[in-house]
$ cat my_file.txt   # compact mmCIF, C-alpha atoms
# COMPACT_ATOMS: atom_id res chain seq x y z
CA MET A 1219 -7.86 1.56 17.11
CA LEU A 1220 -6.14 0.93 20.36
CA PHE A 1221 -5.63 -2.77 19.85
CA PRO A 1222 -5.20 -3.32 16.13
CA SER A 1223 -3.78 -6.80 16.59
CA MET A 1224 -7.02 -8.03 18.10
CA LEU A 1225 -8.85 -7.32 14.86
CA ARG A 1226 -6.30 -9.07 12.68
CA THR A 1227 -8.00 -12.45 12.60
CA SER A 1228 -8.30 -14.55 9.50
CA GLY A 1229 -11.76 -15.84 10.30
CA ASP A 1230 -15.08 -14.09 10.00
CA TRP A 1231 -15.43 -13.64 13.72
CA PHE A 1232 -14.78 -9.94 13.65
CA ALA A 1233 -16.21 -9.30 10.20
CA ASP A 1234 -18.93 -7.08 11.62
CA PHE A 1235 -16.41 -5.11 13.62
CA GLU A 1236 -14.23 -4.79 10.53
CA GLN A 1237 -17.15 -3.30 8.66
CA LEU A 1238 -17.83 -0.92 11.51
CA TYR A 1239 -14.21 0.17 11.52
CA ASP A 1240 -14.28 0.60 7.75
CA ARG A 1241 -17.26 2.90 8.12
CA MET A 1242 -15.56 4.83 10.90
CA ASP A 1243 -12.36 5.12 8.87
CA GLU A 1244 -14.33 6.43 5.92
CA LEU A 1245 -16.06 9.00 8.07
CA LEU A 1246 -12.90 10.10 9.82
CA ALA A 1247 -10.81 10.13 6.67
CA GLY A 1248 -13.43 12.21 4.95
CA ARG A 1249 -13.13 14.83 7.62
CA SER A 1250 -9.42 15.48 7.75
CA GLY A 1251 -7.15 12.63 6.63
CA ILE A 1252 -4.49 14.11 8.87
CA SER A 1253 -2.80 12.06 11.51
CA SER A 1254 0.25 12.60 13.62
CA ILE A 1255 3.56 11.30 12.31
CA ARG A 1256 3.65 9.24 15.51
CA ALA A 1257 0.33 7.53 14.91
CA VAL A 1258 -1.00 4.00 15.09
CA GLY A 1259 -3.48 2.41 12.75
CA ARG A 1260 -5.10 -0.82 11.71
CA GLY A 1261 -4.53 -3.49 9.13
CA GLY A 1262 -6.90 -5.74 7.22
CA ALA A 1263 -6.46 -9.07 5.47
CA PHE A 1264 -3.27 -9.25 3.47
CA PRO A 1265 -3.09 -9.01 0.56
CA ALA A 1266 -6.31 -7.13 -0.17
CA LEU A 1267 -8.08 -8.57 -3.21
CA ASN A 1268 -10.16 -7.11 -6.01
CA VAL A 1269 -11.83 -9.39 -8.52
CA GLY A 1270 -13.37 -8.49 -11.86
CA THR A 1271 -14.71 -10.40 -14.82
CA SER A 1272 -14.77 -9.78 -18.54
CA PRO A 1273 -16.18 -11.95 -21.33
CA GLU A 1274 -12.69 -13.41 -21.82
CA ALA A 1275 -11.36 -13.88 -18.31
CA THR A 1276 -11.53 -13.38 -14.58
CA GLU A 1277 -8.93 -10.93 -13.29
CA ILE A 1278 -7.74 -10.98 -9.69
CA TYR A 1279 -5.70 -8.11 -8.26
CA ALA A 1280 -3.77 -8.78 -5.05
CA PHE A 1281 -2.37 -5.68 -3.36
CA ALA A 1282 0.92 -7.08 -2.08
CA PRO A 1283 3.58 -4.35 -2.04
CA GLY A 1284 7.21 -4.96 -1.15
CA ILE A 1285 7.42 -8.63 -2.02
CA ASP A 1286 9.88 -10.46 -4.23
CA PRO A 1287 7.73 -11.76 -7.14
CA ASN A 1288 9.62 -15.06 -7.09
CA SER A 1289 8.51 -15.74 -3.52
CA ILE A 1290 4.79 -15.50 -4.31
CA ASP A 1291 3.11 -18.86 -4.80
CA VAL A 1292 0.01 -18.97 -6.99
CA SER A 1293 -1.73 -22.31 -7.38
CA VAL A 1294 -5.04 -23.61 -8.72
CA GLU A 1295 -6.57 -26.74 -7.31
CA LYS A 1296 -10.12 -28.03 -7.52
CA GLY A 1297 -11.48 -24.69 -8.62
CA LEU A 1298 -9.71 -22.76 -5.89
CA LEU A 1299 -7.00 -20.26 -6.63
CA ALA A 1300 -4.59 -19.76 -3.74
CA ILE A 1301 -2.10 -16.93 -3.31
CA SER A 1302 0.47 -17.52 -0.61
CA GLY A 1303 3.89 -16.34 0.44
CA GLU A 1304 5.71 -14.44 3.08
CA ARG A 1305 6.37 -10.77 3.48
CA PRO A 1306 9.74 -10.38 5.16
CA GLU A 1307 10.06 -7.65 7.74
CA ASP A 1308 11.50 -4.52 6.22
CA HIS A 1309 12.14 -1.60 8.46
CA GLY A 1310 13.93 0.57 5.94
CA LYS A 1311 17.28 -0.03 7.60
CA SER A 1312 19.05 0.84 4.37
CA ALA A 1313 17.47 4.28 4.50
CA GLY A 1314 18.80 4.98 7.96
CA SER A 1315 21.94 6.85 8.71
CA GLY A 1316 24.98 4.91 9.76
CA ASN A 1317 24.91 1.31 10.94
CA GLY A 1318 21.75 -0.73 11.43
CA SER A 1319 22.44 -1.50 15.06
CA GLU A 1320 21.59 2.06 16.00
CA GLU A 1321 18.82 2.48 18.52
CA ARG A 1322 15.47 3.14 16.93
CA THR A 1323 12.08 4.06 18.29
CA ALA A 1324 8.97 2.85 16.46
CA TYR A 1325 6.09 5.29 16.31
CA ALA A 1326 3.88 3.33 13.93
CA ASN A 1327 3.70 -0.36 13.00
CA GLU A 1328 0.74 -0.58 10.69
CA ARG A 1329 2.20 -2.56 7.80
CA PHE A 1330 1.68 -6.31 7.60
CA PHE A 1331 4.58 -8.74 7.85
CA GLY A 1332 4.69 -12.50 7.95
CA ARG A 1333 3.13 -15.41 6.11
CA PHE A 1334 -0.06 -14.91 4.16
CA ARG A 1335 -2.52 -17.04 2.23
CA ARG A 1336 -5.69 -16.06 0.48
CA VAL A 1337 -8.02 -18.24 -1.56
CA VAL A 1338 -10.46 -17.31 -4.30
CA ALA A 1339 -13.14 -19.66 -5.64
CA LEU A 1340 -13.08 -19.71 -9.44
CA ASN A 1341 -16.08 -20.04 -11.69
CA ASP A 1342 -16.80 -23.41 -13.26
CA ASP A 1343 -15.85 -22.06 -16.66
CA ALA A 1344 -12.32 -21.04 -15.58
CA ASP A 1345 -9.45 -22.55 -17.51
CA PRO A 1346 -6.77 -23.38 -14.93
CA GLY A 1347 -4.30 -24.39 -17.60
CA ARG A 1348 -3.78 -20.86 -18.88
CA VAL A 1349 -3.50 -18.79 -15.71
CA GLU A 1350 -1.09 -15.86 -15.98
CA ALA A 1351 0.33 -13.87 -13.08
CA THR A 1352 2.29 -10.63 -13.29
CA TYR A 1353 3.68 -8.40 -10.54
CA ARG A 1354 3.94 -4.67 -11.08
CA ASN A 1355 4.24 -1.74 -8.66
CA GLY A 1356 3.37 -4.02 -5.76
CA VAL A 1357 0.20 -5.41 -7.33
CA LEU A 1358 -0.09 -9.05 -8.37
CA LYS A 1359 -2.43 -9.42 -11.32
CA ILE A 1360 -3.76 -12.89 -12.06
CA VAL A 1361 -5.68 -13.52 -15.27
CA VAL A 1362 -7.74 -16.71 -15.40
CA PRO A 1363 -9.16 -17.14 -18.94
CA ARG A 1364 -12.56 -18.64 -19.53
CA ARG A 1365 -12.88 -21.83 -21.50
CA GLU A 1366 -13.55 -21.24 -25.17
CA SER A 1367 -16.78 -23.22 -25.00
CA SER A 1368 -18.24 -21.01 -22.27
CA LYS A 1369 -17.50 -17.62 -23.83
CA PRO A 1370 -20.63 -15.71 -24.75
CA ARG A 1371 -21.66 -16.19 -28.36
CA GLN A 1372 -24.31 -14.78 -30.56
CA ILE A 1373 -26.52 -17.49 -32.01
CA GLN A 1374 -28.06 -16.72 -35.31
CA VAL A 1375 -31.77 -17.40 -35.45
CA THR A 1376 -32.84 -18.77 -38.73
CA SER A 1377 -36.40 -18.85 -39.90
CA GLY A 1378 -37.76 -22.33 -40.39
CA SER A 1379 -39.62 -22.88 -43.56
CA MET B 1084 21.70 8.50 3.74
CA GLN B 1085 23.18 5.73 1.69
CA PRO B 1086 22.53 5.73 -2.04
CA GLN B 1087 19.89 3.19 -2.97
CA SER B 1088 21.46 1.66 -6.02
CA ASN B 1089 18.64 -0.48 -7.33
CA ASN B 1090 16.09 2.00 -6.21
CA THR B 1091 14.07 4.45 -8.15
CA ALA B 1092 15.34 7.52 -6.41
CA MET B 1093 13.01 10.41 -6.69
CA GLN B 1094 13.21 14.11 -6.34
CA THR B 1095 11.05 15.43 -3.59
CA GLN B 1096 8.79 18.15 -4.83
CA GLN B 1097 9.18 20.88 -2.37
CA PRO B 1098 7.83 23.26 -1.38
CA GLN B 1099 4.53 22.39 -2.89
CA GLN B 1100 1.11 23.84 -2.42
CA THR B 1101 -1.54 21.54 -1.08
CA GLN B 1102 -4.49 21.08 -3.35
CA PRO B 1103 -6.90 23.98 -3.63
CA SER B 1104 -9.89 23.89 -1.34
CA SER B 1105 -12.39 24.58 -4.08
CA GLY B 1106 -13.84 21.61 -5.94
CA SER B 1107 -12.12 19.09 -3.74
CA ARG B 1108 -12.61 15.39 -4.31
CA THR B 1109 -15.69 13.88 -2.72
CA ALA B 1110 -14.67 10.22 -3.09
CA PRO B 1111 -12.93 8.86 0.01
CA SER B 1112 -9.24 8.22 -0.39
CA LEU B 1113 -7.26 5.25 0.86
CA LEU B 1114 -5.15 5.70 3.96
CA PRO B 1115 -1.89 3.85 3.28
CA PRO B 1116 -0.52 1.85 6.24
CA VAL B 1117 2.82 3.17 7.45
CA ASP B 1118 5.74 2.22 9.66
CA ILE B 1119 7.59 5.10 11.27
CA PHE B 1120 10.94 4.84 13.03
CA GLU B 1121 13.08 7.44 14.67
CA ASP B 1122 16.79 7.21 15.28
CA ALA B 1123 19.39 9.74 16.27
CA GLY B 1124 19.68 11.06 12.72
CA GLY B 1125 16.04 11.42 11.79
CA ILE B 1126 12.79 9.70 10.92
CA THR B 1127 12.24 6.86 8.45
CA LEU B 1128 8.73 6.44 7.10
CA LEU B 1129 7.66 3.41 5.07
CA ALA B 1130 4.27 3.43 3.37
CA ASP B 1131 2.48 0.71 1.40
CA LEU B 1132 1.32 2.20 -1.89
CA PRO B 1133 0.47 -0.74 -4.17
CA GLY B 1134 -0.45 0.17 -7.72
CA VAL B 1135 1.31 3.52 -7.62
CA ALA B 1136 3.81 4.42 -10.33
CA ARG B 1137 6.81 6.56 -9.46
CA GLU B 1138 5.80 9.37 -11.80
CA ASP B 1139 2.33 9.62 -10.23
CA LEU B 1140 3.49 9.92 -6.64
CA SER B 1141 3.43 13.36 -5.09
CA ILE B 1142 5.01 14.25 -1.78
CA GLY B 1143 4.28 17.75 -0.60
CA VAL B 1144 5.58 19.71 2.36
CA ASP B 1145 3.62 22.75 3.44
CA GLY B 1146 4.94 24.31 6.57
CA ARG B 1147 5.08 21.48 9.08
CA SER B 1148 2.65 19.24 7.22
CA LEU B 1149 3.78 16.42 4.95
CA THR B 1150 1.27 14.98 2.47
CA ILE B 1151 1.67 11.79 0.47
CA GLU B 1152 -0.73 11.60 -2.44
CA ALA B 1153 -0.98 9.25 -5.41
CA PRO B 1154 -3.51 7.70 -7.75
CA LEU B 1155 -3.83 3.91 -7.72
CA LYS B 1156 -3.74 2.56 -11.27
CA LEU B 1157 -4.28 -1.09 -12.07
CA GLY B 1158 -4.37 -0.82 -15.84
CA GLU B 1159 -7.37 -3.10 -16.02
CA ALA B 1160 -9.30 -3.61 -19.20
CA SER B 1161 -12.31 -1.35 -19.63
CA SER B 1162 -14.49 -4.38 -20.28
CA LEU B 1163 -13.82 -5.59 -16.75
CA SER B 1164 -16.79 -5.49 -14.42
CA PRO B 1165 -16.07 -5.62 -10.69
CA VAL B 1166 -17.25 -8.70 -8.83
CA TYR B 1167 -15.63 -8.24 -5.46
CA ALA B 1168 -13.53 -5.39 -4.09
CA GLU B 1169 -11.66 -4.87 -0.84
CA VAL B 1170 -9.91 -1.80 -2.19
CA ARG B 1171 -12.75 0.57 -3.00
CA ALA B 1172 -10.98 3.78 -3.89
CA ASN B 1173 -8.40 4.67 -6.50
CA HIS B 1174 -6.49 7.33 -4.67
CA PHE B 1175 -4.07 7.30 -1.74
CA ARG B 1176 -3.74 10.28 0.55
CA ARG B 1177 -2.27 10.72 3.99
CA SER B 1178 -0.90 13.71 5.85
CA PHE B 1179 1.47 13.91 8.77
CA GLU B 1180 2.42 16.66 11.14
CA LEU B 1181 6.17 17.03 11.33
CA SER B 1182 7.81 18.15 14.53
CA SER B 1183 9.98 21.24 14.37
CA ASP B 1184 13.24 19.33 14.90
CA LEU B 1185 12.98 17.76 11.42
CA ASP B 1186 14.71 19.20 8.37
CA THR B 1187 11.98 19.33 5.71
CA GLY B 1188 14.44 20.67 3.16
CA ARG B 1189 16.39 17.43 2.95
CA ILE B 1190 13.70 14.77 2.60
CA ASP B 1191 14.75 11.76 0.54
CA ALA B 1192 12.20 9.46 -1.09
CA GLY B 1193 12.30 6.16 -2.95
CA LEU B 1194 9.50 3.98 -4.34
CA ARG B 1195 10.04 0.32 -5.05
CA ASN B 1196 7.48 -2.45 -5.61
CA GLY B 1197 4.76 -0.25 -4.19
CA VAL B 1198 6.62 0.62 -0.98
CA LEU B 1199 7.59 4.22 -0.34
CA THR B 1200 10.62 4.90 1.84
CA LEU B 1201 10.93 8.44 3.16
CA ARG B 1202 13.90 9.65 5.14
CA ILE B 1203 13.47 12.92 7.00
CA PRO B 1204 16.71 13.99 8.70
CA LYS B 1205 16.81 16.00 11.88
CA LEU B 1206 18.12 19.53 11.93
CA GLU B 1207 21.76 19.65 12.94
CA GLN B 1208 21.01 21.53 16.15
CA ALA B 1209 18.36 18.96 17.08
CA LYS B 1210 20.67 15.95 16.92
CA PRO B 1211 21.63 14.51 20.27
CA ARG B 1212 25.00 15.62 21.55
CA ARG B 1213 27.06 14.60 24.44
CA ILE B 1214 27.90 17.42 26.78
CA ASP B 1215 31.00 17.03 28.84
CA VAL B 1216 30.69 18.01 32.42
CA ARG B 1217 33.66 19.92 33.67
CA VAL B 1218 34.98 19.08 37.08
CA GLU B 1219 36.03 22.14 38.98

$ encode --input "my_file.txt" --output "structure tokens"
Amino acid sequence: MLFPSMLRTSGDWFADFEQLYDRMDELLAGRSGISSIRAVGRGGAFPALNVGTSPEATEIYAFAPGIDPNSIDVSVEKGLLAISGERPEDHGKSAGSGNGSEERTAYANERFFGRFRRVVALNDDADPGRVEATYRNGVLKIVVPRRESSKPRQIQVTSGS
Amino acid sequence: MQPQSNNTAMQTQQPQQTQPSSGSRTAPSLLPPVDIFEDAGGITLLADLPGVAREDLSIGVDGRSLTIEAPLKLGEASSLSPVYAEVRANHFRRSFELSSDLDTGRIDAGLRNGVLTLRIPKLEQAKPRRIDVRVE
């Protein structure tokens, strides 16, 4: 993890390396999980996304901590749901002692800052007119309901006479 | 440390025992990304902990080791079946070794929008001082 910035590409170029690093992280984290307070690490795509489906809707969870909910832009166009915005740099100046111009040494810079954009392809049965987005504890939850006509239904079989 | 007015100020639990070794969790935990800064007064640590509620966060100091631990809760419906996941664990955990010049008794913590801000002041005797050189 010497050059974390090299792995922070948006394309799939380093996808295999990312997977390798994920495996290594898992193995290393499983062993101790302890790192020095003056450590460096690695970031992935921001925000990380989890997607799940239920009979009623598709739910997308974007892990985007420390962002003003009003500055997050969620849009649906041609079956693509896009989440974009900007994470302003926050170095916890307010938590420091005295004035912010004080000299500071950085020992770790692992958190992501800057503009971000992630896109999710929606199913054909998604209803873009009723998308709901809520932000809580740094997680953006987007609920995309399914169209009524495509919800699973039980069809009664009647015996023909 | 300035009071964080709109912040959810939190009492640091301390001292706290680290979790018992027996029956420890086998699932891997998430390593939260952190920023760490040092100034003359101490160390500021910022950690991304999305999906963590204030009441679930635990910060433990054991000797010179600081451990941040918290469950990640999304509150998703039980009928939800995962389709795609980049976050594959539901538990954050990360430990740090603190140097001996830090005052672990006066750690201040705040959690807001999934970002933890920790302030660990330096011991008074460890703060930089200017020593006047006498001219004889």

$ atom_distance --input "my_file.txt" --atom1 "atom CA of Leu1113 of chain B" --atom2 "atom CA of Val1170 of chain B"
8.1 Å

$ residues_near_point --input "my_file.txt" --point "(-8.6, -10.0, -6.1)" --cutoff "9 Å" --atoms "only C-alpha atoms" --output "ChimeraX atom specification"
/A:1265-1270,1277-1281,1338,1358-1360 /B:1167-1169

$ atom_distance --input "my_file.txt" --atom1 "atom CA of Leu1181 of chain B" --atom2 "atom CA of Lys1156 of chain B"
28.6 Å

$ residues_near_point --input "my_file.txt" --point "(6.7, -19.4, 4.2)" --cutoff "8 Å" --atoms "all atoms listed in the file" --output "VMD selection string"
chain A and resid 1303 to 1304 1333

$ closest_residue --input "my_file.txt" --among "B:Thr1187, B:Thr1150, B:Asn1173, B:Asn1196" --to "chain A" --atoms "only C-alpha atoms"
B:Asn1196

$ atom_distance --input "my_file.txt" --atom1 "atom CA of Gly1125 of chain B" --atom2 "atom CA of Gly1197 of chain B"
22.8 Å

$ closest_residue --input "my_file.txt" --among "A:Asp1291, A:Asp1345, A:Glu1274, A:Glu1350" --to "chain B" --atoms "all atoms listed in the file"
A:Glu1274

$ interface_residues --input "my_file.txt" --of "chain B" --to "chain A" --cutoff "7 Å" --atoms "all atoms listed in the file" --output "MDAnalysis selection string"
chainID B and resid 1084:1085 1111 1116:1122 1124 1127 1129 1131:1136 1162:1170 1177:1181 1196:1198 1200 1202

$ closest_residue --input "my_file.txt" --among "B:Val1216, B:Leu1194, B:Ala1160, B:Ala1209" --to "Leu1128 of chain B" --atoms "all atoms listed in the file"
B:Leu1194
